[in-house]
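Q: Please find entry-v9.cif (mmCIF, N, CA and C atoms) on the next line:
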```
data_model
loop_
_atom_site.label_atom_id
_atom_site.label_comp_id
_atom_site.auth_asym_id
_atom_site.auth_seq_id
_atom_site.Cartn_x
_atom_site.Cartn_y
_atom_site.Cartn_z
N GLN U 1 0.85 -1.19 0.00
CA GLN U 1 0.00 0.00 0.00
C GLN U 1 0.89 1.24 0.00
N VAL U 2 0.60 2.15 -0.92
CA VAL U 2 1.39 3.36 -1.04
C VAL U 2 0.88 4.41 -0.06
N GLN U 3 1.80 5.01 0.65
CA GLN U 3 1.46 6.12 1.54
C GLN U 3 2.52 7.20 1.45
N LEU U 4 2.09 8.42 1.45
CA LEU U 4 2.97 9.58 1.53
C LEU U 4 2.56 10.34 2.78
N VAL U 5 3.47 10.49 3.72
CA VAL U 5 3.15 11.12 4.99
C VAL U 5 4.08 12.30 5.21
N GLU U 6 3.47 13.49 5.20
CA GLU U 6 4.24 14.72 5.41
C GLU U 6 4.31 15.07 6.89
N SER U 7 5.35 15.82 7.22
CA SER U 7 5.49 16.37 8.56
C SER U 7 6.40 17.58 8.49
N GLY U 8 6.46 18.32 9.59
CA GLY U 8 7.39 19.44 9.67
C GLY U 8 6.76 20.81 9.54
N GLY U 9 5.46 20.86 9.25
CA GLY U 9 4.81 22.16 9.17
C GLY U 9 4.63 22.77 10.54
N GLY U 10 4.14 24.01 10.54
CA GLY U 10 3.90 24.69 11.80
C GLY U 10 3.77 26.17 11.61
N LEU U 11 3.80 26.88 12.73
CA LEU U 11 3.72 28.34 12.74
C LEU U 11 5.13 28.90 12.88
N VAL U 12 5.49 29.81 12.01
CA VAL U 12 6.84 30.37 12.02
C VAL U 12 6.78 31.85 11.69
N GLN U 13 7.72 32.60 12.21
CA GLN U 13 7.76 34.04 11.92
C GLN U 13 8.37 34.29 10.54
N ALA U 14 7.99 35.38 9.94
CA ALA U 14 8.55 35.76 8.65
C ALA U 14 10.08 35.86 8.73
N GLY U 15 10.72 35.38 7.67
CA GLY U 15 12.17 35.40 7.61
C GLY U 15 12.84 34.13 8.10
N ARG U 16 12.07 33.29 8.79
CA ARG U 16 12.63 32.05 9.33
C ARG U 16 12.54 30.93 8.31
N SER U 17 13.00 29.75 8.74
CA SER U 17 13.05 28.58 7.85
C SER U 17 12.30 27.40 8.46
N LEU U 18 11.91 26.49 7.60
CA LEU U 18 11.31 25.22 8.02
C LEU U 18 11.81 24.13 7.08
N ARG U 19 11.83 22.91 7.58
CA ARG U 19 12.10 21.77 6.72
C ARG U 19 10.94 20.80 6.80
N LEU U 20 10.33 20.56 5.65
CA LEU U 20 9.25 19.60 5.54
C LEU U 20 9.81 18.24 5.13
N SER U 21 9.18 17.19 5.63
CA SER U 21 9.58 15.83 5.28
C SER U 21 8.39 15.08 4.71
N CYS U 22 8.68 14.13 3.85
CA CYS U 22 7.64 13.26 3.30
C CYS U 22 8.22 11.84 3.24
N VAL U 23 7.66 10.97 4.05
CA VAL U 23 8.07 9.57 4.04
C VAL U 23 7.20 8.82 3.05
N VAL U 24 7.84 8.11 2.14
CA VAL U 24 7.14 7.41 1.07
C VAL U 24 7.23 5.91 1.31
N SER U 25 6.11 5.26 1.41
CA SER U 25 6.10 3.81 1.60
C SER U 25 5.34 3.16 0.45
N GLY U 26 5.62 1.88 0.22
CA GLY U 26 4.91 1.16 -0.82
C GLY U 26 5.69 0.90 -2.08
N SER U 27 7.01 0.93 -1.98
CA SER U 27 7.87 0.50 -3.08
C SER U 27 7.77 1.36 -4.32
N ILE U 28 7.54 2.63 -4.18
CA ILE U 28 7.50 3.52 -5.34
C ILE U 28 8.62 4.54 -5.33
N PHE U 29 9.47 4.48 -4.29
CA PHE U 29 10.44 5.57 -4.10
C PHE U 29 11.36 5.73 -5.30
N ASP U 30 11.71 4.63 -5.95
CA ASP U 30 12.65 4.69 -7.07
C ASP U 30 11.98 4.65 -8.44
N THR U 31 10.67 4.60 -8.48
CA THR U 31 9.98 4.48 -9.76
C THR U 31 9.00 5.62 -10.01
N TYR U 32 9.05 6.61 -9.16
CA TYR U 32 8.19 7.77 -9.30
C TYR U 32 9.02 9.05 -9.19
N VAL U 33 8.55 10.08 -9.84
CA VAL U 33 9.08 11.42 -9.61
C VAL U 33 8.35 11.98 -8.40
N LEU U 34 9.08 12.42 -7.42
CA LEU U 34 8.51 12.91 -6.18
C LEU U 34 8.60 14.42 -6.12
N GLY U 35 7.58 15.02 -5.54
CA GLY U 35 7.59 16.47 -5.53
C GLY U 35 6.73 17.07 -4.45
N TRP U 36 6.68 18.41 -4.49
CA TRP U 36 5.92 19.17 -3.52
C TRP U 36 5.01 20.18 -4.23
N TYR U 37 3.81 20.32 -3.70
CA TYR U 37 2.85 21.33 -4.10
C TYR U 37 2.42 22.07 -2.84
N ARG U 38 1.74 23.17 -3.05
CA ARG U 38 1.09 23.85 -1.93
C ARG U 38 -0.22 24.44 -2.40
N GLN U 39 -1.10 24.65 -1.41
CA GLN U 39 -2.39 25.25 -1.71
C GLN U 39 -2.75 26.22 -0.61
N ALA U 40 -2.85 27.47 -0.97
CA ALA U 40 -3.27 28.51 -0.03
C ALA U 40 -4.79 28.61 -0.03
N PRO U 41 -5.37 29.14 1.02
CA PRO U 41 -6.83 29.27 1.08
C PRO U 41 -7.39 30.03 -0.11
N GLY U 42 -8.38 29.43 -0.77
CA GLY U 42 -9.02 30.09 -1.89
C GLY U 42 -8.22 30.07 -3.18
N GLU U 43 -7.07 29.38 -3.17
CA GLU U 43 -6.21 29.35 -4.34
C GLU U 43 -6.14 27.94 -4.93
N GLN U 44 -5.67 27.87 -6.17
CA GLN U 44 -5.43 26.56 -6.77
C GLN U 44 -4.14 25.95 -6.23
N ARG U 45 -4.05 24.65 -6.33
CA ARG U 45 -2.84 23.98 -5.90
C ARG U 45 -1.69 24.37 -6.84
N GLU U 46 -0.55 24.68 -6.24
CA GLU U 46 0.60 25.21 -6.97
C GLU U 46 1.77 24.25 -6.89
N TRP U 47 2.35 23.93 -8.03
CA TRP U 47 3.52 23.07 -8.04
C TRP U 47 4.75 23.86 -7.59
N LEU U 48 5.60 23.24 -6.78
CA LEU U 48 6.78 23.91 -6.23
C LEU U 48 8.08 23.31 -6.75
N ALA U 49 8.21 21.99 -6.66
CA ALA U 49 9.49 21.37 -6.98
C ALA U 49 9.28 19.87 -7.17
N LYS U 50 10.23 19.25 -7.88
CA LYS U 50 10.23 17.81 -8.05
C LYS U 50 11.66 17.29 -8.09
N ILE U 51 11.79 16.00 -7.80
CA ILE U 51 13.11 15.38 -7.81
C ILE U 51 12.98 13.96 -8.37
N THR U 52 13.89 13.61 -9.26
CA THR U 52 13.84 12.28 -9.87
C THR U 52 14.57 11.26 -9.01
N ASP U 53 14.50 9.99 -9.43
CA ASP U 53 15.19 8.95 -8.70
C ASP U 53 16.70 9.13 -8.75
N SER U 54 17.19 9.83 -9.76
CA SER U 54 18.63 10.09 -9.85
C SER U 54 19.04 11.36 -9.10
N GLY U 55 18.06 12.05 -8.53
CA GLY U 55 18.37 13.22 -7.73
C GLY U 55 18.32 14.54 -8.47
N ARG U 56 17.86 14.52 -9.70
CA ARG U 56 17.76 15.78 -10.45
C ARG U 56 16.54 16.56 -9.98
N ALA U 57 16.78 17.81 -9.60
CA ALA U 57 15.72 18.65 -9.03
C ALA U 57 15.31 19.73 -10.01
N THR U 58 14.04 20.05 -9.99
CA THR U 58 13.49 21.13 -10.80
C THR U 58 12.56 21.94 -9.93
N TYR U 59 12.56 23.28 -10.15
CA TYR U 59 11.80 24.18 -9.30
C TYR U 59 10.90 25.11 -10.10
N ALA U 60 9.84 25.55 -9.45
CA ALA U 60 9.03 26.61 -10.01
C ALA U 60 9.81 27.91 -9.98
N ASP U 61 9.72 28.67 -11.05
CA ASP U 61 10.46 29.94 -11.14
C ASP U 61 10.06 30.92 -10.03
N SER U 62 8.83 30.82 -9.59
CA SER U 62 8.32 31.78 -8.60
C SER U 62 9.01 31.66 -7.24
N LEU U 63 9.68 30.55 -7.00
CA LEU U 63 10.31 30.36 -5.69
C LEU U 63 11.57 31.20 -5.52
N LYS U 64 12.18 31.60 -6.61
CA LYS U 64 13.36 32.48 -6.58
C LYS U 64 14.47 31.91 -5.70
N GLY U 65 14.62 30.61 -5.73
CA GLY U 65 15.73 29.98 -5.03
C GLY U 65 15.56 29.84 -3.54
N ARG U 66 14.39 30.10 -3.01
CA ARG U 66 14.21 30.06 -1.56
C ARG U 66 13.97 28.66 -1.02
N PHE U 67 13.51 27.75 -1.86
CA PHE U 67 13.18 26.40 -1.42
C PHE U 67 14.15 25.40 -2.07
N THR U 68 14.46 24.34 -1.33
CA THR U 68 15.34 23.30 -1.85
C THR U 68 14.74 21.93 -1.59
N ILE U 69 14.63 21.13 -2.64
CA ILE U 69 14.14 19.77 -2.50
C ILE U 69 15.32 18.82 -2.46
N SER U 70 15.19 17.77 -1.66
CA SER U 70 16.25 16.77 -1.58
C SER U 70 15.62 15.43 -1.23
N ARG U 71 16.44 14.37 -1.32
CA ARG U 71 15.94 13.05 -1.00
C ARG U 71 16.98 12.27 -0.22
N GLU U 72 16.51 11.43 0.66
CA GLU U 72 17.36 10.54 1.43
C GLU U 72 16.89 9.12 1.17
N ASN U 73 17.61 8.45 0.28
CA ASN U 73 17.14 7.15 -0.19
C ASN U 73 17.06 6.12 0.93
N ALA U 74 17.98 6.17 1.86
CA ALA U 74 18.00 5.17 2.94
C ALA U 74 16.76 5.26 3.82
N ARG U 75 16.13 6.41 3.83
CA ARG U 75 14.94 6.61 4.67
C ARG U 75 13.66 6.73 3.84
N ASN U 76 13.76 6.53 2.51
CA ASN U 76 12.58 6.68 1.64
C ASN U 76 11.87 8.01 1.91
N THR U 77 12.66 9.05 2.01
CA THR U 77 12.13 10.35 2.43
C THR U 77 12.60 11.44 1.49
N ILE U 78 11.70 12.35 1.17
CA ILE U 78 12.10 13.58 0.50
C ILE U 78 11.86 14.74 1.44
N TYR U 79 12.58 15.81 1.19
CA TYR U 79 12.50 17.00 2.04
C TYR U 79 12.25 18.23 1.18
N LEU U 80 11.71 19.25 1.83
CA LEU U 80 11.62 20.57 1.22
C LEU U 80 12.08 21.57 2.27
N GLN U 81 13.22 22.16 2.02
CA GLN U 81 13.76 23.19 2.89
C GLN U 81 13.20 24.53 2.45
N LEU U 82 12.50 25.18 3.36
CA LEU U 82 11.89 26.48 3.07
C LEU U 82 12.69 27.55 3.80
N THR U 83 13.14 28.57 3.09
CA THR U 83 13.90 29.64 3.71
C THR U 83 13.28 30.99 3.38
N SER U 84 13.67 31.99 4.14
CA SER U 84 13.17 33.36 3.94
C SER U 84 11.65 33.37 3.78
N LEU U 85 10.99 32.70 4.69
CA LEU U 85 9.54 32.58 4.58
C LEU U 85 8.85 33.92 4.78
N ASN U 86 7.75 34.09 4.08
CA ASN U 86 6.94 35.29 4.23
C ASN U 86 5.47 34.87 4.33
N PRO U 87 4.60 35.77 4.76
CA PRO U 87 3.20 35.38 4.96
C PRO U 87 2.53 34.80 3.71
N GLU U 88 3.02 35.17 2.53
CA GLU U 88 2.44 34.63 1.29
C GLU U 88 2.78 33.15 1.10
N ASP U 89 3.68 32.63 1.90
CA ASP U 89 3.99 31.20 1.84
C ASP U 89 3.04 30.36 2.70
N THR U 90 2.15 31.01 3.40
CA THR U 90 1.18 30.29 4.21
C THR U 90 0.29 29.44 3.31
N ALA U 91 0.26 28.13 3.59
CA ALA U 91 -0.48 27.19 2.74
C ALA U 91 -0.39 25.80 3.36
N VAL U 92 -1.17 24.90 2.80
CA VAL U 92 -0.97 23.48 3.08
C VAL U 92 -0.01 22.94 2.03
N TYR U 93 1.02 22.27 2.48
CA TYR U 93 2.05 21.74 1.58
C TYR U 93 1.85 20.24 1.43
N PHE U 94 1.81 19.80 0.17
CA PHE U 94 1.50 18.42 -0.16
C PHE U 94 2.69 17.74 -0.84
N CYS U 95 2.91 16.51 -0.46
CA CYS U 95 3.86 15.64 -1.14
C CYS U 95 3.12 14.92 -2.27
N HIS U 96 3.82 14.72 -3.39
CA HIS U 96 3.17 14.14 -4.57
C HIS U 96 4.10 13.14 -5.23
N ALA U 97 3.53 12.06 -5.74
CA ALA U 97 4.29 11.06 -6.47
C ALA U 97 3.68 10.87 -7.84
N ARG U 98 4.48 11.13 -8.88
CA ARG U 98 4.02 10.97 -10.26
C ARG U 98 4.79 9.83 -10.90
N PRO U 99 4.08 8.88 -11.48
CA PRO U 99 4.77 7.71 -12.03
C PRO U 99 5.49 8.03 -13.34
N TYR U 100 6.58 7.31 -13.59
CA TYR U 100 7.22 7.37 -14.90
C TYR U 100 6.34 6.69 -15.95
N ALA U 101 5.65 5.65 -15.53
CA ALA U 101 4.76 4.93 -16.43
C ALA U 101 3.40 5.61 -16.45
N ALA U 102 2.93 5.95 -17.63
CA ALA U 102 1.68 6.71 -17.76
C ALA U 102 0.47 5.95 -17.26
N THR U 103 0.56 4.65 -17.21
CA THR U 103 -0.60 3.85 -16.80
C THR U 103 -0.68 3.65 -15.29
N SER U 104 0.31 4.11 -14.57
CA SER U 104 0.29 3.93 -13.11
C SER U 104 -0.36 5.13 -12.44
N PRO U 105 -0.91 4.94 -11.26
CA PRO U 105 -1.60 6.04 -10.58
C PRO U 105 -0.62 7.03 -9.95
N GLU U 106 -1.07 8.22 -9.70
CA GLU U 106 -0.32 9.18 -8.91
C GLU U 106 -0.84 9.14 -7.48
N TYR U 107 -0.03 9.68 -6.58
CA TYR U 107 -0.39 9.65 -5.17
C TYR U 107 -0.13 11.01 -4.53
N TRP U 108 -0.94 11.29 -3.52
CA TRP U 108 -0.81 12.53 -2.74
C TRP U 108 -0.73 12.20 -1.26
N GLY U 109 0.01 13.01 -0.53
CA GLY U 109 -0.05 12.97 0.91
C GLY U 109 -1.23 13.77 1.42
N GLN U 110 -1.38 13.77 2.75
CA GLN U 110 -2.53 14.45 3.34
C GLN U 110 -2.27 15.94 3.55
N GLY U 111 -1.03 16.34 3.46
CA GLY U 111 -0.67 17.74 3.59
C GLY U 111 -0.21 18.10 4.99
N THR U 112 0.60 19.14 5.05
CA THR U 112 1.04 19.69 6.32
C THR U 112 0.92 21.22 6.25
N GLN U 113 0.37 21.80 7.28
CA GLN U 113 0.08 23.24 7.28
C GLN U 113 1.32 24.04 7.66
N VAL U 114 1.61 25.04 6.84
CA VAL U 114 2.66 26.01 7.15
C VAL U 114 2.00 27.37 7.27
N THR U 115 2.19 28.01 8.40
CA THR U 115 1.64 29.34 8.64
C THR U 115 2.78 30.28 8.99
N VAL U 116 2.89 31.37 8.23
CA VAL U 116 3.97 32.33 8.44
C VAL U 116 3.36 33.63 8.94
N SER U 117 3.79 34.04 10.10
CA SER U 117 3.27 35.28 10.69
C SER U 117 4.21 36.44 10.37
N SER U 118 3.60 37.62 10.27
CA SER U 118 4.41 38.81 9.93
C SER U 118 4.98 39.46 11.17
#
```
How does this structure look as structure tokens?

A:
Amino acid sequence: QVQLVESGGGLVQAGRSLRLSCVVSGSIFDTYVLGWYRQAPGEQREWLAKITDSGRATYADSLKGRFTISRENARNTIYLQLTSLNPEDTAVYFCHARPYAATSPEYWGQGTQVTVSS
């Protein structure tokens, strides 16, 4: 059974940093592209970053280098390091798994709330 479980969200002051984690279970860690999205209240879900099984990372231009995605294969975990946070970063952050094979399903985590106070 595939599960994506996020953690690491919380309330933080503007300018500070957070590290989000996503533990991936169910034998998909090496056969899916893993990534992060976020959704602010009243907004559409926004793609942030992705990382391949070989460790190649790609980011949304809007992040301006503030976020970093990484993976720790031994722990079946991906991370999203958030820096220079501002109130506009307040959102629920979701872990996502997209298959390389078009016929396989995609998966989402339940999300973790990040709230940035000014």

Q: Please indicate the distance in Å from atom CA of Gln113 of chain U to atom N of Gly8 of chain U, rounded to one decimal place.

A: 8.4 Å

Q: Can you tell me, as a VMD selection string, which residues in segment 44-100 of chain U count as strand (DSSP E) by DSSP?

A: chain U and resid 46 to 51 57 to 59 67 to 72 77 to 82 91 to 99

Q: Go ahead and write the selection's residues with N, CA and C atoms as an mmCIF file, in the coordinates of the input.

A:
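Written out: out-v1.cif:
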```cif
data_model
loop_
_atom_site.group_PDB
_atom_site.id
_atom_site.type_symbol
_atom_site.label_atom_id
_atom_site.label_comp_id
_atom_site.auth_asym_id
_atom_site.auth_seq_id
_atom_site.Cartn_x
_atom_site.Cartn_y
_atom_site.Cartn_z
ATOM 1 N N GLU U 46 -0.550 24.680 -6.240
ATOM 2 C CA GLU U 46 0.600 25.210 -6.970
ATOM 3 C C GLU U 46 1.770 24.250 -6.890
ATOM 4 N N TRP U 47 2.350 23.930 -8.030
ATOM 5 C CA TRP U 47 3.520 23.070 -8.040
ATOM 6 C C TRP U 47 4.750 23.860 -7.590
ATOM 7 N N LEU U 48 5.600 23.240 -6.780
ATOM 8 C CA LEU U 48 6.780 23.910 -6.230
ATOM 9 C C LEU U 48 8.080 23.310 -6.750
ATOM 10 N N ALA U 49 8.210 21.990 -6.660
ATOM 11 C CA ALA U 49 9.490 21.370 -6.980
ATOM 12 C C ALA U 49 9.280 19.870 -7.170
ATOM 13 N N LYS U 50 10.230 19.250 -7.880
ATOM 14 C CA LYS U 50 10.230 17.810 -8.050
ATOM 15 C C LYS U 50 11.660 17.290 -8.090
ATOM 16 N N ILE U 51 11.790 16.000 -7.800
ATOM 17 C CA ILE U 51 13.110 15.380 -7.810
ATOM 18 C C ILE U 51 12.980 13.960 -8.370
ATOM 19 N N ALA U 57 16.780 17.810 -9.600
ATOM 20 C CA ALA U 57 15.720 18.650 -9.030
ATOM 21 C C ALA U 57 15.310 19.730 -10.010
ATOM 22 N N THR U 58 14.040 20.050 -9.990
ATOM 23 C CA THR U 58 13.490 21.130 -10.800
ATOM 24 C C THR U 58 12.560 21.940 -9.930
ATOM 25 N N TYR U 59 12.560 23.280 -10.150
ATOM 26 C CA TYR U 59 11.800 24.180 -9.300
ATOM 27 C C TYR U 59 10.900 25.110 -10.100
ATOM 28 N N PHE U 67 13.510 27.750 -1.860
ATOM 29 C CA PHE U 67 13.180 26.400 -1.420
ATOM 30 C C PHE U 67 14.150 25.400 -2.070
ATOM 31 N N THR U 68 14.460 24.340 -1.330
ATOM 32 C CA THR U 68 15.340 23.300 -1.850
ATOM 33 C C THR U 68 14.740 21.930 -1.590
ATOM 34 N N ILE U 69 14.630 21.130 -2.640
ATOM 35 C CA ILE U 69 14.140 19.770 -2.500
ATOM 36 C C ILE U 69 15.320 18.820 -2.460
ATOM 37 N N SER U 70 15.190 17.770 -1.660
ATOM 38 C CA SER U 70 16.250 16.770 -1.580
ATOM 39 C C SER U 70 15.620 15.430 -1.230
ATOM 40 N N ARG U 71 16.440 14.370 -1.320
ATOM 41 C CA ARG U 71 15.940 13.050 -1.000
ATOM 42 C C ARG U 71 16.980 12.270 -0.220
ATOM 43 N N GLU U 72 16.510 11.430 0.660
ATOM 44 C CA GLU U 72 17.360 10.540 1.430
ATOM 45 C C GLU U 72 16.890 9.120 1.170
ATOM 46 N N THR U 77 12.660 9.050 2.010
ATOM 47 C CA THR U 77 12.130 10.350 2.430
ATOM 48 C C THR U 77 12.600 11.440 1.490
ATOM 49 N N ILE U 78 11.700 12.350 1.170
ATOM 50 C CA ILE U 78 12.100 13.580 0.500
ATOM 51 C C ILE U 78 11.860 14.740 1.440
ATOM 52 N N TYR U 79 12.580 15.810 1.190
ATOM 53 C CA TYR U 79 12.500 17.000 2.040
ATOM 54 C C TYR U 79 12.250 18.230 1.180
ATOM 55 N N LEU U 80 11.710 19.250 1.830
ATOM 56 C CA LEU U 80 11.620 20.570 1.220
ATOM 57 C C LEU U 80 12.080 21.570 2.270
ATOM 58 N N GLN U 81 13.220 22.160 2.020
ATOM 59 C CA GLN U 81 13.760 23.190 2.890
ATOM 60 C C GLN U 81 13.200 24.530 2.450
ATOM 61 N N LEU U 82 12.500 25.180 3.360
ATOM 62 C CA LEU U 82 11.890 26.480 3.070
ATOM 63 C C LEU U 82 12.690 27.550 3.800
ATOM 64 N N ALA U 91 0.260 28.130 3.590
ATOM 65 C CA ALA U 91 -0.480 27.190 2.740
ATOM 66 C C ALA U 91 -0.390 25.800 3.360
ATOM 67 N N VAL U 92 -1.170 24.900 2.800
ATOM 68 C CA VAL U 92 -0.970 23.480 3.080
ATOM 69 C C VAL U 92 -0.010 22.940 2.030
ATOM 70 N N TYR U 93 1.020 22.270 2.480
ATOM 71 C CA TYR U 93 2.050 21.740 1.580
ATOM 72 C C TYR U 93 1.850 20.240 1.430
ATOM 73 N N PHE U 94 1.810 19.800 0.170
ATOM 74 C CA PHE U 94 1.500 18.420 -0.160
ATOM 75 C C PHE U 94 2.690 17.740 -0.840
ATOM 76 N N CYS U 95 2.910 16.510 -0.460
ATOM 77 C CA CYS U 95 3.860 15.640 -1.140
ATOM 78 C C CYS U 95 3.120 14.920 -2.270
ATOM 79 N N HIS U 96 3.820 14.720 -3.390
ATOM 80 C CA HIS U 96 3.170 14.140 -4.570
ATOM 81 C C HIS U 96 4.100 13.140 -5.230
ATOM 82 N N ALA U 97 3.530 12.060 -5.740
ATOM 83 C CA ALA U 97 4.290 11.060 -6.470
ATOM 84 C C ALA U 97 3.680 10.870 -7.840
ATOM 85 N N ARG U 98 4.480 11.130 -8.880
ATOM 86 C CA ARG U 98 4.020 10.970 -10.260
ATOM 87 C C ARG U 98 4.790 9.830 -10.900
ATOM 88 N N PRO U 99 4.080 8.880 -11.480
ATOM 89 C CA PRO U 99 4.770 7.710 -12.030
ATOM 90 C C PRO U 99 5.490 8.030 -13.340
#
```

Q: Name the residues in contact with segment 100-106 of chain U at a cut-off of 6.5 Å, using only N, CA and C atoms, excluding same-chain residues fewer than 3 positions from it; report them as an NGL selection string.

A: :U and (31-33 or 97)

Q: Which residue gives the smallest distance to Ser54 of chain U among U:Ala91, U:Gly42, U:Leu80, U:Asp30, with all atoms listed in the file counted?

A: U:Asp30

Q: Could you give me, as a ChimeraX atom specification, the residues within 6 Å of Tyr93 of chain U, counting only N, CA and C atoms and dropping anything in the same chain fewer than 6 positions from it?

A: /U:37-39,111-114

Q: Given the choices U:Gly65, U:Ser117, U:Glu88, U:Val24, which gets closest to Val2 of chain U if the distance is worked out from only N, CA and C atoms?

A: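 Comparing U:Gly65, U:Ser117, U:Glu88, U:Val24 against Val2 of chain U, the winner is U:Val24.
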
Q: In file coordinates, which residues lie within 10 Å of (8.1, 13.6, 5.7) using only C-alpha atoms, given as a list in words?

A: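 Residues lying no farther than 10 Å from the given point: Leu4, Val5, Glu6, Ser7, Gly8, Gly9, Arg19, Leu20, Ser21, Cys22, Val23, Val24, Arg75, Asn76, Thr77, Ile78, Tyr79, Leu80, Cys95, Gly109, Gly111 and Thr112 of chain U.
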
Q: From the options U:Arg45, U:Gln110, U:Val116, U:Leu34, which residue's atoms come nearest to Gln3 of chain U, counting only N, CA and C atoms?

A: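 So, comparing all the options, the nearest one is U:Gln110.
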
Q: Report as number ranges by chain the residues that result from applying the PyMOL selection byres ((chain U and resi 68) around 8) to the structure here.

A: U: 49, 65-67, 69-71, 79-83
